[in-house]
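As provided, coords-v2.txt (compact mmCIF, C-alpha atoms) reads as follows.
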```txt
# COMPACT_ATOMS: atom_id res chain seq x y z
CA MET A 1 -3.54 13.07 -17.05
CA SER A 2 -5.34 10.11 -15.55
CA VAL A 3 -2.40 7.76 -16.16
CA LEU A 4 0.42 10.00 -14.90
CA ALA A 5 0.91 8.04 -11.65
CA TYR A 6 1.18 4.80 -13.61
CA LEU A 7 3.66 6.35 -16.06
CA VAL A 8 5.80 7.48 -13.12
CA SER A 9 5.83 3.88 -11.91
CA VAL A 10 6.88 2.58 -15.37
CA TRP A 11 9.62 5.22 -15.55
CA LEU A 12 10.99 4.36 -12.09
CA PHE A 13 11.09 0.67 -12.97
CA VAL A 14 12.80 1.13 -16.34
CA VAL A 15 15.33 3.69 -15.12
CA GLY A 16 16.12 1.58 -12.05
CA ILE A 17 16.79 -1.56 -14.11
CA TYR A 18 18.92 0.47 -16.54
CA GLY A 19 20.98 1.64 -13.58
CA VAL A 20 21.40 -1.95 -12.36
CA VAL A 21 22.55 -3.15 -15.80
CA THR A 22 25.08 -0.37 -16.38
CA SER A 23 26.24 0.08 -12.78
CA ARG A 24 29.95 0.45 -12.01
CA HIS A 25 29.63 0.29 -8.25
CA LEU A 26 27.89 -2.35 -6.12
CA VAL A 27 26.39 0.19 -3.70
CA HIS A 28 25.08 2.20 -6.66
CA LEU A 29 23.64 -1.06 -8.01
CA VAL A 30 21.76 -1.74 -4.78
CA ILE A 31 20.34 1.81 -4.77
CA CYS A 32 19.23 1.38 -8.41
CA LEU A 33 17.47 -1.83 -7.45
CA ALA A 34 15.71 0.06 -4.64
CA VAL A 35 14.59 2.67 -7.19
CA ALA A 36 13.19 -0.08 -9.42
CA GLN A 37 11.40 -1.59 -6.41
CA SER A 38 9.91 1.76 -5.47
CA SER A 39 8.02 1.73 -8.77
CA THR A 40 5.81 -0.97 -7.26
CA TYR A 41 4.84 1.33 -4.35
CA VAL A 42 3.73 4.03 -6.75
CA LEU A 43 1.79 1.54 -8.87
CA LEU A 44 0.06 -0.13 -5.91
CA LEU A 45 -0.89 3.11 -4.17
CA GLY A 46 -1.97 4.61 -7.51
CA ILE A 47 -4.32 1.73 -8.20
CA GLY A 48 -5.93 1.97 -4.77
CA TYR A 49 -6.42 5.75 -4.85
CA ARG A 50 -9.90 7.16 -5.05
CA THR A 51 -10.51 10.82 -5.86
CA GLY A 52 -11.56 12.55 -2.65
CA GLY A 53 -11.01 9.37 -0.62
CA GLN A 54 -9.79 9.64 2.96
CA ALA A 55 -7.05 7.56 4.60
CA PRO A 56 -8.54 4.15 5.46
CA ILE A 57 -8.56 4.78 9.22
CA PHE A 58 -11.92 5.47 10.85
CA GLY A 59 -10.66 7.44 13.83
CA ASP A 60 -12.10 10.91 13.38
CA ILE A 61 -14.24 10.24 10.32
CA PRO A 62 -17.58 8.40 10.12
CA THR A 63 -17.42 4.86 8.76
CA SER A 64 -19.52 5.88 5.77
CA THR A 65 -16.76 8.15 4.39
CA PRO A 66 -15.30 6.95 1.08
CA VAL A 67 -11.74 5.75 1.72
CA VAL A 68 -8.86 4.62 -0.46
CA ASP A 69 -8.10 0.91 -0.69
CA PRO A 70 -6.42 -0.47 2.48
CA VAL A 71 -5.43 -3.72 0.75
CA VAL A 72 -2.90 -2.11 -1.60
CA GLN A 73 -1.60 -0.04 1.30
CA SER A 74 -0.83 -3.15 3.32
CA LEU A 75 0.72 -4.75 0.21
CA THR A 76 2.94 -1.67 -0.07
CA LEU A 77 3.91 -2.07 3.59
CA THR A 78 5.04 -5.64 2.89
CA ASP A 79 6.83 -4.37 -0.20
CA VAL A 80 8.76 -1.70 1.70
CA VAL A 81 9.89 -4.17 4.35
CA VAL A 82 11.04 -6.75 1.79
CA SER A 83 12.82 -4.04 -0.20
CA ALA A 84 14.67 -2.81 2.89
CA THR A 85 15.78 -6.29 3.94
CA VAL A 86 16.89 -7.19 0.41
CA SER A 87 18.94 -3.98 0.31
CA ALA A 88 20.55 -4.85 3.66
CA LEU A 89 21.45 -8.34 2.46
CA LEU A 90 22.86 -7.06 -0.84
CA LEU A 91 24.91 -4.38 0.90
CA ALA A 92 26.34 -7.05 3.20
CA LEU A 93 27.27 -9.04 0.07
CA ALA A 94 28.89 -5.91 -1.37
CA VAL A 95 31.02 -5.60 1.78
CA GLN A 96 32.06 -9.24 1.37
CA ALA A 97 32.83 -8.75 -2.33
CA HIS A 98 35.01 -5.76 -1.54
CA ARG A 99 36.80 -7.77 1.10
CA ARG A 100 37.49 -10.68 -1.21
CA PHE A 101 38.24 -8.94 -4.51
CA GLY A 102 39.35 -5.51 -3.37
CA SER A 103 36.88 -3.88 -5.75
CA VAL A 104 33.24 -2.86 -5.87
CA ASP A 105 33.02 -2.69 -9.66
CA PRO A 106 30.79 -5.58 -10.83
CA ASP A 107 32.88 -6.02 -13.98
CA GLU A 108 36.12 -6.41 -12.09
CA LEU A 109 34.57 -9.05 -9.86
CA ASN A 110 33.98 -11.11 -13.01
CA ALA A 111 37.52 -10.69 -14.25
CA LEU A 112 39.05 -11.67 -10.94
CA ARG A 113 36.94 -14.75 -10.58
CA GLY A 114 37.63 -16.06 -14.11
CA MET B 1 30.54 -7.47 -23.49
CA SER B 2 31.89 -3.94 -23.33
CA ARG B 3 30.09 -1.28 -21.28
CA ARG B 4 28.91 0.56 -24.38
CA VAL B 5 27.44 -2.55 -26.04
CA ARG B 6 25.80 -3.51 -22.79
CA SER B 7 24.19 -0.13 -22.27
CA VAL B 8 22.92 -0.07 -25.89
CA VAL B 9 21.42 -3.56 -25.50
CA ALA B 10 19.88 -2.50 -22.18
CA LEU B 11 18.41 0.66 -23.71
CA VAL B 12 16.80 -1.30 -26.56
CA ALA B 13 15.42 -3.99 -24.27
CA LEU B 14 14.17 -1.56 -21.62
CA GLY B 15 12.68 0.67 -24.31
CA ALA B 16 10.66 -2.29 -25.53
CA LEU B 17 9.69 -3.26 -21.99
CA GLY B 18 8.73 0.33 -21.16
CA THR B 19 6.55 0.57 -24.28
CA VAL B 20 4.73 -2.62 -23.36
CA LEU B 21 4.27 -1.43 -19.77
CA VAL B 22 2.90 1.95 -20.92
CA ILE B 23 0.39 0.16 -23.15
CA ALA B 24 -0.54 -2.04 -20.20
CA VAL B 25 -1.07 0.80 -17.68
CA THR B 26 -3.20 2.83 -20.09
CA GLY B 27 -5.63 -0.10 -19.94
CA LEU B 28 -5.99 0.22 -16.17
CA GLU B 29 -8.83 2.07 -14.47
CA PRO B 30 -8.15 5.83 -14.66
CA PHE B 31 -6.25 7.23 -11.66
CA GLY B 32 -8.61 8.04 -8.79
CA HIS B 33 -11.30 5.59 -9.88
CA TYR B 34 -10.49 2.61 -7.68
CA PRO B 35 -12.95 -0.05 -8.79
CA GLY B 36 -12.95 -2.24 -5.65
CA PRO B 37 -14.32 -4.49 -4.37
CA TYR B 38 -11.90 -5.59 -1.63
CA GLY B 39 -11.21 -2.21 -0.06
CA ASP B 40 -14.92 -1.41 0.05
CA VAL B 41 -15.76 -4.77 1.57
CA LEU B 42 -13.12 -4.24 4.28
CA ALA B 43 -14.35 -0.71 4.97
CA LYS B 44 -17.81 -2.16 5.60
CA VAL B 45 -16.95 -5.21 7.70
CA VAL B 46 -13.83 -4.29 9.71
CA PRO B 47 -15.39 -1.88 12.27
CA GLY B 48 -18.09 -4.42 13.12
CA GLU B 49 -16.05 -7.61 12.89
CA ARG B 50 -12.80 -6.48 14.52
CA HIS B 51 -13.76 -3.40 16.59
CA THR B 52 -11.13 -1.19 15.00
CA GLY B 53 -11.17 1.61 12.45
CA GLN B 54 -7.57 1.05 11.34
CA LEU B 55 -8.28 -0.82 8.11
CA VAL B 56 -4.63 -1.15 7.12
CA ALA B 57 -3.62 -2.74 10.44
CA ALA B 58 -6.64 -5.03 10.28
CA THR B 59 -5.60 -6.08 6.79
CA VAL B 60 -1.93 -6.60 7.65
CA PHE B 61 -2.35 -8.47 10.93
CA ASP B 62 -5.67 -10.18 10.46
CA TYR B 63 -7.37 -10.50 7.08
CA ARG B 64 -4.09 -10.80 5.18
CA GLY B 65 -2.06 -12.03 8.16
CA PHE B 66 -0.70 -15.04 6.31
CA ASP B 67 1.20 -12.75 3.95
CA THR B 68 2.62 -10.89 6.93
CA LEU B 69 3.75 -14.20 8.41
CA GLY B 70 5.71 -14.90 5.22
CA GLU B 71 7.06 -11.36 5.22
CA GLU B 72 8.21 -11.80 8.82
CA MET B 73 10.14 -14.88 7.82
CA ILE B 74 11.73 -13.03 4.87
CA LEU B 75 12.79 -10.25 7.23
CA PHE B 76 14.16 -12.74 9.73
CA ALA B 77 16.07 -14.79 7.13
CA ALA B 78 17.48 -11.75 5.31
CA VAL B 79 18.72 -10.11 8.49
CA CYS B 80 20.26 -13.38 9.69
CA GLY B 81 22.02 -13.64 6.33
CA ALA B 82 23.27 -10.07 6.43
CA ALA B 83 24.51 -10.47 10.02
CA ALA B 84 26.28 -13.74 9.16
CA LEU B 85 27.97 -12.18 6.11
CA LEU B 86 29.17 -9.18 8.08
CA ARG B 87 30.43 -11.19 10.98
CA VAL B 88 33.13 -13.22 9.24
CA ARG B 89 35.69 -10.49 9.64
CA ARG B 90 34.87 -9.59 13.20
CA ARG B 91 36.12 -12.86 14.61
CA LYS B 92 39.50 -12.32 12.99
CA ARG B 93 39.82 -8.73 14.06
CA GLU B 94 38.62 -9.09 17.60
CA GLU B 95 41.96 -10.44 18.73
CA ALA B 96 43.69 -7.36 17.38
CA GLY B 97 41.48 -5.18 19.60
CA THR B 98 39.09 -2.38 18.70
CA PRO B 99 40.90 0.47 16.93
CA ALA B 100 40.65 3.89 18.48
CA ARG B 101 38.46 6.38 16.65
CA PRO B 102 38.00 10.11 17.07
CA ALA B 103 35.37 10.97 19.67
CA PRO B 104 32.30 12.87 18.35
CA SER B 105 31.91 16.49 19.37
CA PHE B 106 30.19 17.38 22.63
CA ALA B 107 27.14 18.80 20.81
CA THR B 108 26.66 15.54 18.88
CA ARG B 109 27.08 13.45 22.01
CA ALA B 110 24.72 15.61 24.09
CA THR B 111 21.99 15.68 21.42
CA GLY B 112 22.29 11.94 20.82
CA ALA B 113 22.15 11.11 24.51
CA ALA B 114 19.23 13.47 25.15
CA LEU B 115 17.14 12.02 22.31
CA VAL B 116 17.64 8.27 22.94
CA GLY B 117 14.95 8.04 25.63
CA PRO B 118 12.25 10.14 23.93
CA VAL B 119 12.77 8.30 20.62
CA ILE B 120 12.32 4.91 22.28
CA VAL B 121 9.17 6.12 24.04
CA PHE B 122 7.80 7.55 20.78
CA GLY B 123 8.51 4.27 18.96
CA ALA B 124 6.74 2.31 21.70
CA TYR B 125 3.77 4.69 21.44
CA VAL B 126 3.56 4.22 17.66
CA ILE B 127 3.68 0.42 18.11
CA ALA B 128 1.10 0.33 20.91
CA ASN B 129 -1.41 2.52 19.05
CA GLY B 130 -0.94 0.81 15.69
CA HIS B 131 -4.49 -0.58 15.70
CA ILE B 132 -6.11 2.81 16.41
CA THR B 133 -4.07 5.43 14.55
CA PRO B 134 -1.57 5.36 11.68
CA GLY B 135 1.60 3.55 12.67
CA GLY B 136 2.14 0.05 13.95
CA GLY B 137 4.84 -2.50 14.49
CA PHE B 138 6.80 -1.87 11.32
CA SER B 139 7.12 1.90 11.53
CA GLY B 140 7.39 1.91 15.32
CA GLY B 141 10.08 -0.75 15.22
CA VAL B 142 12.18 1.32 12.84
CA ILE B 143 11.80 4.36 15.13
CA VAL B 144 12.98 2.32 18.13
CA ALA B 145 15.94 1.07 16.09
CA GLY B 146 16.73 4.71 15.28
CA ALA B 147 17.55 5.14 18.96
CA LEU B 148 20.59 2.94 18.33
CA VAL B 149 21.89 5.42 15.78
CA LEU B 150 21.48 8.15 18.39
CA ALA B 151 23.35 6.02 20.90
CA TYR B 152 26.09 5.71 18.31
CA ALA B 153 26.10 9.48 17.83
CA ALA B 154 26.43 9.75 21.60
CA GLY B 155 29.61 7.72 21.34
CA GLN B 156 28.32 4.63 23.08
CA VAL B 157 28.75 2.06 20.34
CA VAL B 158 31.87 0.42 21.70
CA ARG B 159 30.46 0.03 25.17
CA LEU B 160 27.16 -1.15 23.69
CA ARG B 161 28.95 -4.07 22.14
CA ARG B 162 30.78 -5.02 25.29
CA VAL B 163 27.62 -5.47 27.31
CA GLY B 164 26.46 -7.97 24.72
CA SER B 165 23.99 -5.69 22.98
CA ILE B 166 24.38 -7.59 19.70
CA ALA B 167 23.19 -10.73 21.46
CA LEU B 168 20.31 -8.69 22.91
CA LEU B 169 19.30 -7.42 19.46
CA GLU B 170 19.47 -10.93 18.03
CA GLY B 171 17.32 -12.10 20.90
CA ALA B 172 14.76 -9.32 20.28
CA GLU B 173 14.56 -10.20 16.59
CA ALA B 174 14.08 -13.90 17.30
CA LEU B 175 11.59 -13.19 20.11
CA GLY B 176 9.44 -10.98 17.86
CA ALA B 177 9.44 -13.52 15.03
CA ALA B 178 8.59 -16.33 17.44
CA GLY B 179 5.88 -14.18 19.03
CA PHE B 180 4.12 -13.60 15.73
CA LEU B 181 4.42 -17.28 14.86
CA LEU B 182 2.93 -18.25 18.23
CA LEU B 183 0.11 -15.75 17.70
CA ALA B 184 -0.64 -17.43 14.36
CA VAL B 185 -0.56 -20.90 15.92
CA GLY B 186 -2.64 -19.61 18.84
CA GLY B 187 -5.45 -18.93 16.39
CA LEU B 188 -5.13 -22.51 15.15
CA ILE B 189 -5.36 -23.91 18.68
CA ALA B 190 -7.95 -21.56 20.18
CA ALA B 191 -10.23 -21.00 17.20
CA GLY B 192 -9.37 -23.73 14.68
CA ALA B 193 -7.77 -21.55 11.98
CA LEU B 194 -4.24 -20.19 11.56
CA LEU B 195 -4.05 -16.45 12.47
CA LYS B 196 -7.70 -16.36 13.49
CA ASN B 197 -8.47 -13.44 15.78
CA PHE B 198 -9.07 -15.43 18.96
CA LEU B 199 -8.74 -12.72 21.66
CA PRO B 200 -11.63 -10.62 23.04
CA LEU B 201 -12.32 -7.68 20.71
CA GLY B 202 -13.00 -5.05 23.37
CA THR B 203 -14.26 -1.53 22.67
CA SER B 204 -13.16 0.16 19.47
CA GLY B 205 -10.66 2.97 20.05
CA LEU B 206 -9.22 1.66 23.32
CA LEU B 207 -5.63 0.51 23.70
CA LEU B 208 -6.72 -3.04 24.47
CA SER B 209 -9.11 -3.76 21.63
CA ALA B 210 -9.26 -5.43 18.23
CA GLY B 211 -8.18 -8.83 19.60
CA THR B 212 -4.89 -10.14 18.23
CA ILE B 213 -4.10 -7.05 16.11
CA PRO B 214 -2.25 -5.06 18.84
CA VAL B 215 -0.47 -8.25 19.97
CA GLY B 216 0.74 -8.78 16.40
CA ASN B 217 1.83 -5.15 16.29
CA VAL B 218 3.92 -5.58 19.42
CA ALA B 219 5.52 -8.82 18.17
CA VAL B 220 6.35 -7.25 14.82
CA GLY B 221 7.56 -4.10 16.53
CA ILE B 222 10.02 -6.06 18.67
CA GLU B 223 11.21 -8.05 15.69
CA VAL B 224 11.65 -5.04 13.38
CA ALA B 225 13.39 -3.02 16.09
CA GLY B 226 15.78 -5.91 16.77
CA ALA B 227 16.36 -6.64 13.09
CA VAL B 228 16.98 -3.06 11.94
CA ALA B 229 19.14 -2.27 14.97
CA LEU B 230 21.13 -5.46 14.41
CA VAL B 231 21.82 -4.61 10.77
CA ILE B 232 22.78 -1.02 11.68
CA ALA B 233 25.05 -2.25 14.48
CA GLU B 234 26.78 -4.76 12.20
CA PHE B 235 27.35 -2.17 9.46
CA LEU B 236 28.60 0.40 11.98
CA GLU B 237 31.03 -2.13 13.27
CA GLN B 238 32.28 -2.77 9.73
CA ALA B 239 32.89 0.95 9.32
CA LEU B 240 34.82 1.04 12.60
CA LEU B 241 36.92 -1.97 11.62
CA GLU B 242 37.74 -0.64 8.17
CA GLU B 243 39.08 2.66 9.43
CA PRO B 244 42.72 1.81 10.21
CA GLU B 245 43.47 0.46 6.71
```

Kindly transcribe the structure held in the file into structure tokens.
Amino acid sequence: MSVLAYLVSVWLFVVGIYGVVTSRHLVHLVICLAVAQSSTYVLLLGIGYRTGGQAPIFGDIPTSTPVVDPVVQSLTLTDVVVSATVSALLLALAVQAHRRFGSVDPDELNALRG
Amino acid sequence: MSRRVRSVVALVALGALGTVLVIAVTGLEPFGHYPGPYGDVLAKVVPGERHTGQLVAATVFDYRGFDTLGEEMILFAAVCGAAALLRVRRRKREEAGTPARPAPSFATRATGAALVGPVIVFGAYVIANGHITPGGGFSGGVIVAGALVLAYAAGQVVRLRRVGSIALLEGAEALGAAGFLLLAVGGLIAAGALLKNFLPLGTSGLLLSAGTIPVGNVAVGIEVAGAVALVIAEFLEQALLEEPE
């Protein structure tokens, strides 16, 4: 199964977006978005993996050792940070929505506004 | 659109998207056969050029530092936004006074209080050694911010706020962001290119080595610790304010 890691990433993305579309609770929606975002970590780290490769840190290993790609790892680091901050911002918006409309159901927010 | 129609439409659309994505990923290099070349180039040049074996830190804070600069600004802006959104209510409620809440048990308070110090020290260690071993400003900053949760468990959150700790956290976040920005501009001034590694490289494996990389780690660590702690503090405060309703 040489594509299993990539298929996991596709599954996480699709199932996360499905959760966002059909969500009935804003906090649930934010978590679903985080699941969809986590698909990118799996994809990035999967692409950079090398069979038998060591972690890309030459502390205890000689610099000739084959290592996995550090570039995708640092991209994933950026990704995690952005994902966490986006979640924080969206959860703050959910708190505000609850305060204003008295509900955390996305559909009811629509009805109240219209 | 009713819920059922919407979920059917979503299933059809996501099914199509998923099919296309599966076709796309089967065209990638097989898992475990990373084709390069960037990772291999970095593995060759980093130990000689930057005197560090931590390729990820070298990528984040040096070779790909411009991306990190943008990421820092995203973090800063998002946390400012979250704090501003959560703060609207506080102004109104502050006049009414902080509602009383049940005190945590002695075991929770004792464990929280005992762990605050060690957790901060561990976070600082992870930040300071980010250019030698796994870790760095981002992970270390989150660990330091975790100390705030322990302080909360120890029942100190109300007093924390009174001594102006929110202002302190805001200051730490801004200081870290400004520090990284100054480090980037320092490269421009000292070496003629934004984010250029302009400090002495030192001996690989020592605490003071790899030029600007540990400095960037510390700046990011301060910013992340301030930002995460600020968001946690604001959300905790929301929870405390909501209770009496």

Neighbour residues at most 12 Å from (17.3, 3.1, -3.2) (all atoms listed in the file) as JSON, numbers by chain
{"A": [12, 13, 16, 17, 19, 20, 27, 28, 29, 30, 31, 32, 33, 34, 35, 36, 37, 38, 39, 80, 83, 84, 85, 86, 87, 88, 90, 91]}

How close does each residue of chain A get to chain B, giving the shortest atom pair and distance in Å to one decimal for every residue with an atom at most 9 Å away, counting all atoms listed in the file, sorted by chain and residue number, as a Markdown table?
```
| residue | atom | partner | partner_atom | distance |
| --- | --- | --- | --- | --- |
| A:Met1 | CA | B:Phe31 | CA | 8.4 |
| A:Ser2 | CA | B:Phe31 | CA | 4.9 |
| A:Val3 | CA | B:Phe31 | CA | 5.9 |
| A:Leu4 | CA | B:Phe31 | CA | 7.9 |
| A:Ala5 | CA | B:Phe31 | CA | 7.2 |
| A:Tyr6 | CA | B:Val25 | CA | 6.1 |
| A:Leu7 | CA | B:Val22 | CA | 6.6 |
| A:Val10 | CA | B:Gly18 | CA | 6.5 |
| A:Trp11 | CA | B:Gly18 | CA | 7.5 |
| A:Phe13 | CA | B:Gly18 | CA | 8.5 |
| A:Val14 | CA | B:Leu14 | CA | 6.1 |
| A:Val15 | CA | B:Leu14 | CA | 8.4 |
| A:Ile17 | CA | B:Leu14 | CA | 8.0 |
| A:Tyr18 | CA | B:Ala10 | CA | 6.4 |
| A:Val21 | CA | B:Ala10 | CA | 6.9 |
| A:Thr22 | CA | B:Ser7 | CA | 6.0 |
| A:Gly46 | CA | B:Phe31 | CA | 6.5 |
| A:Ile47 | CA | B:Tyr34 | CA | 6.3 |
| A:Gly48 | CA | B:Tyr34 | CA | 5.4 |
| A:Tyr49 | CA | B:Gly32 | CA | 5.1 |
| A:Arg50 | CA | B:Gly32 | CA | 4.1 |
| A:Thr51 | CA | B:Gly32 | CA | 4.5 |
| A:Gly52 | CA | B:Gly32 | CA | 8.2 |
| A:Gly53 | CA | B:Gly32 | CA | 8.6 |
| A:Pro56 | CA | B:Leu55 | CA | 5.6 |
| A:Ile57 | CA | B:Gln54 | CA | 4.4 |
| A:Phe58 | CA | B:Gly53 | CA | 4.2 |
| A:Gly59 | CA | B:Gly53 | CA | 6.0 |
| A:Thr63 | CA | B:Ala43 | CA | 7.4 |
| A:Ser64 | CA | B:Lys44 | CA | 8.2 |
| A:Pro66 | CA | B:Asp40 | CA | 8.4 |
| A:Val67 | CA | B:Ala43 | CA | 7.7 |
| A:Val68 | CA | B:Gly39 | CA | 7.2 |
| A:Asp69 | CA | B:Gly39 | CA | 4.5 |
| A:Pro70 | CA | B:Val56 | CA | 5.0 |
| A:Val71 | CA | B:Gly39 | CA | 6.0 |
| A:Val72 | CA | B:Gly39 | CA | 8.5 |
| A:Gln73 | CA | B:Val56 | CA | 6.7 |
| A:Ser74 | CA | B:Val60 | CA | 5.6 |
| A:Leu75 | CA | B:Val60 | CA | 8.1 |
| A:Leu77 | CA | B:Phe138 | CA | 8.3 |
| A:Thr78 | CA | B:Glu71 | CA | 6.5 |
| A:Asp79 | CA | B:Glu71 | CA | 8.8 |
| A:Val81 | CA | B:Leu75 | CA | 7.3 |
| A:Val82 | CA | B:Leu75 | CA | 6.7 |
| A:Ala84 | CA | B:Leu75 | CA | 8.8 |
| A:Thr85 | CA | B:Ala78 | CA | 5.9 |
| A:Val86 | CA | B:Ala78 | CA | 6.7 |
| A:Ala88 | CA | B:Ala82 | CA | 6.5 |
| A:Leu89 | CA | B:Ala82 | CA | 4.7 |
| A:Leu90 | CA | B:Ala82 | CA | 7.9 |
| A:Leu91 | CA | B:Ala82 | CA | 8.1 |
| A:Ala92 | CA | B:Ala82 | CA | 5.4 |
| A:Leu93 | CA | B:Leu85 | CA | 6.8 |
| A:Val95 | CA | B:Leu86 | CA | 7.5 |
| A:Gln96 | CA | B:Leu85 | CA | 6.9 |
```

Counting all atoms listed in the file, which of B:Leu240, B:Ile189, B:Ala128, B:Ala107 gets nearest to Pro214 (chain B)?
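The closest residue to Pro214 (chain B) is B:Ala128.
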
Rounded to one decimal in Å, what is the spacing between CA of Ala145 (chain B) and CA of Leu208 (chain B)?
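Separating CA of Ala145 (chain B) from CA of Leu208 (chain B) is a distance of 24.5 Å.
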
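Taking CA of Lys196 (chain B) as the reference point, CA of Gly137 (chain B) is found at 18.7 Å.
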
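Note that the spacing between CA of Pro200 (chain B) and CA of Val144 (chain B) amounts to 28.2 Å.
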
Which residue of B:Ala147, B:Ala110, B:Val5, B:Ala233 approaches Gly123 (chain B) most closely, using only C-alpha atoms:
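The answer is B:Ala147, which sits nearest to Gly123 (chain B).
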
Surrounding residues of Val218 (chain B) excluding itself and chain neighbours under 4 positions, 12 Å, only C-alpha atoms, as a ChimeraX atom specification
/B:61,123-131,135-141,172-173,175-180,183,212-214,222-225

Show me, as a PyMOL selection string, the residues that have an atom within 8 Å of Gly187 (chain B) when counting only C-alpha atoms, minus same-chain residues fewer than 4 positions from it.
chain B and resi 183+191-198

What are the centre and the three edge lengths of an axis-aligned box that wraps all atoms of region 8-18 of chain A in the file, given that 3 Å is added to every side, written as lines of an AutoDock Vina configuration file and rounded to one decimal in Å?
```
center_x = 12.4
center_y = 3.0
center_z = -14.2
size_x = 19.1
size_y = 15.0
size_z = 10.6
```
